[in-house]
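Novice: My structure is below; once you've seen it, I'll send some questions.
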Amino acid sequence: MSSRRFEPTRGLAGTVAAPPDKSISHRAALLAAMSEGSCRISGYLDAADTRSTLAAMEALGAAVEIEEEGGGRLGVRVRGVGLRGPRAAKPIDVGNAGTLIRLLSGWLASQEGQSFELSGDESIQRRPMGRVIDPLVQMGARIDPDPDPPGTPPLRIEGAALHGIHYRMPVASAQVKSCLLLAGLLAEGETVVQEPQPTRDHTERMLAAAGVPVRSEPVSALPTAPSPARVTVSAVERLRQPDLTVPGDLSSAAFHLVAGLLVPGSVVRVEGVGLNPTRVGLLGILNRMGARIEVEESSFQAGEPVGAVTARHGELQATRVDGAEIALAIDELPLVALLGCFAGGETLVAGAEELRHKESDRIATVVDGLAALGADIVAHEDGFAVRGTGGLRGGRIAAHGDHRIAMLGAVAGLASREGVEVDGVEAAAISYPGFEADLASLR
Ligand code: S3P
């Protein structure tokens with residue numbers, strides 16, 4: 001484990017190209033492997049998590065050719081095995097990737113006559129899989145999780161004939177929704193998934209592009225955008241994913257943008273960022289906090305709006321984040337805690353118990369981590385409250401193997417009075433290997 005010190009600074013300036021989107025990269029590789037024929041994915045994220053997905057697709061029989069495109073991007077050509085073609089002689093290692101294990105379970109559960117074992121690192125072996133196992137079992141799946149702790153990987157899957165269900169998800173999770181939609185492609189009858197709050201809709205967009213009739217209807221008549229959706233799929237004969245270029249990841253770009261907002265005298269611009277309405281919850285939160293943020297939507301890539309976001313240092317006010325905004329900003333909530341340390345008043349995040357089930361218990365790791373740096377922050381069962389004190393002292397923070405906590409610590413250091421030492425800084429490479437170099441380019 002390595003540690004790195006991030007010293008206080010002033011006047012961050014420059015432009016960063018957003019690294020490729022992790023969620024879309026996982027889905028692109030998976031849908032390409034499920035397709036017939038070959039597909040080229042350009043701008044595929046070169047990070048530990050998305051490398052795990054490429055290795056898993058190869059282990060299932062897909063032919064994967066990789067070339068470096070530079071700047072943390074891969075050009076990947078995948079020749080798929082088709083919807084009914086995955087075979088695996090050995091257990092599949094998903095590494096740290098929750099998206100991979102949950103989405104893959106949906107596809108593999110429908111492979112009659114085949115068996116699979118899915119496992120991963122220490123963090124994956126603690127993550128709850130009941131949320132996908134329960135509805136898949138209702139569809140006829142046979143999945144055996146590990147008993148310790150109950151309902152966690154390794155998962156043993158005996159492929160079975162599935163039938164569609166109408167499922168109201170108890171948690172707002174794009175991973176669960178996506179898992180069931182993939183299972184629905186091979187199930188008899190209609191599979192209908194209804195979400196309690198809007199969640200990222202990359203899978204629906206990509207399935208439609210691959211030739212699947214996906215029906216997504218808003219379930220709320222309230223004029224909130226976006227609305228929770230009821231999504232319907234039926235069995236299809238084949239997928240044919242077109243070539244695509246992965247847009248940039250707002251969840252990664254957010255670290256630079258927040259650094260720009262917090263470090264005095266800064267102007268930071270991030271280009272090529274995906275601006276899908278189901279991903280931009282953070283931008284709404286920042287607006288309410290009075291942040292000086294400018295968004296320019298410029299193009300469409302892989303069915304997703306893309307643009308540039310510029311952040312300028314300025315004063316911030318506290319805000320309350322709850323309800324539908326939680327899922328739309330789920331991976332950015334640690335940054336909301338950091339912003340709250342600098343904002344006038346008390347910032348409250350509520351209804352976010354899902355944070356406890358991420359790569360680490362992100363309520364505990366964020367609250368303990370920032371408190372050790374001098375923040376006035378308390379944990380609640382479903383979120384946290386942070387009182388702005390006009391700054392942050394600094395000190396030492398442990399990443400706990402969680403990429404987003406490692407990057408949070410780095411940004412906190414730049415904005416702090418005394419600097420921050422991040423233990424386990426290498427965890428950033430799970431989603432963003434070029435993070436430190438990109439951050440340094442702004443100094
Ligand atoms: C993801 C969905 C979210 C998010 C994760 C990626 C996805 O998880 O936190 O980083 O790619 O679908 P949940 O679906 O569990 O909320």
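Residues are referred to by chain and number: the chain letter is A, B, ... according to the order shown in the structure tokens, the number counts from 1 in that chain, and ligands are numbered separately from 1 in the order shown.
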Between chain A and ligand 1, at 8 Å or less, what are the per-residue closest atom pairs and their distances in Å? Count only C-alpha atoms and all ligand atoms, order by chain and rising residue number, and return it as CSV.
Specialist:
residue,atom,partner,partner_atom_place_in_ligand_line,distance
A:Lys22,CA,ligand 1,11 (O),6.9
A:Ser23,CA,ligand 1,11 (O),3.8
A:Ile24,CA,ligand 1,11 (O),7.0
A:His26,CA,ligand 1,11 (O),7.4
A:Arg27,CA,ligand 1,11 (O),7.8
A:Gly98,CA,ligand 1,5 (C),7.3
A:Thr99,CA,ligand 1,11 (O),5.2
A:Ala172,CA,ligand 1,16 (O),6.3
A:Ser173,CA,ligand 1,14 (O),3.4
A:Ala174,CA,ligand 1,14 (O),3.7
A:Gln175,CA,ligand 1,14 (O),3.8
A:Val176,CA,ligand 1,14 (O),6.0
A:Lys177,CA,ligand 1,14 (O),7.6
A:Ser178,CA,ligand 1,12 (O),7.1
A:Thr199,CA,ligand 1,14 (O),7.5
A:Arg200,CA,ligand 1,12 (O),6.6
A:His202,CA,ligand 1,12 (O),7.9
A:Ala327,CA,ligand 1,16 (O),6.5
A:Ile330,CA,ligand 1,9 (O),5.7
A:Asp331,CA,ligand 1,9 (O),5.3
A:Glu354,CA,ligand 1,16 (O),6.9
A:His357,CA,ligand 1,15 (O),7.8
A:Lys358,CA,ligand 1,9 (O),6.8
Novice: Hey, what's within 7 Å of stretch 318-326 of chain A if we count only C-alpha atoms and toss same-chain stuff fewer than 2 positions away? As an MDAnalysis selection string, please?
Specialist: chainID A and resid 197:198 281 288:289 316 328:330 340 343:352
Novice: I'd like the contact shell of A:Val94 - 9 Å cut-off, only C-alpha atoms, skipping same-chain residues fewer than 3 positions apart - returned as an NGL selection string.
Specialist: :A and (49 or 52-53 or 55-56 or 97-98 or 100-101 or 118-121 or 124)
Novice: Out of A:Thr310, A:Asn287, A:Thr232, A:Gln241, which residue has the shortest atom-to-atom distance to A:Pro218 when counting only C-alpha atoms?
Specialist: A:Thr232
Novice: Can you tell me which residues surround A:Arg4 at a distance of at most 7 Å, considering only C-alpha atoms, apart from same-chain residues fewer than 5 positions away, and format the answer as a ChimeraX atom specification?
Specialist: /A:421-423,425
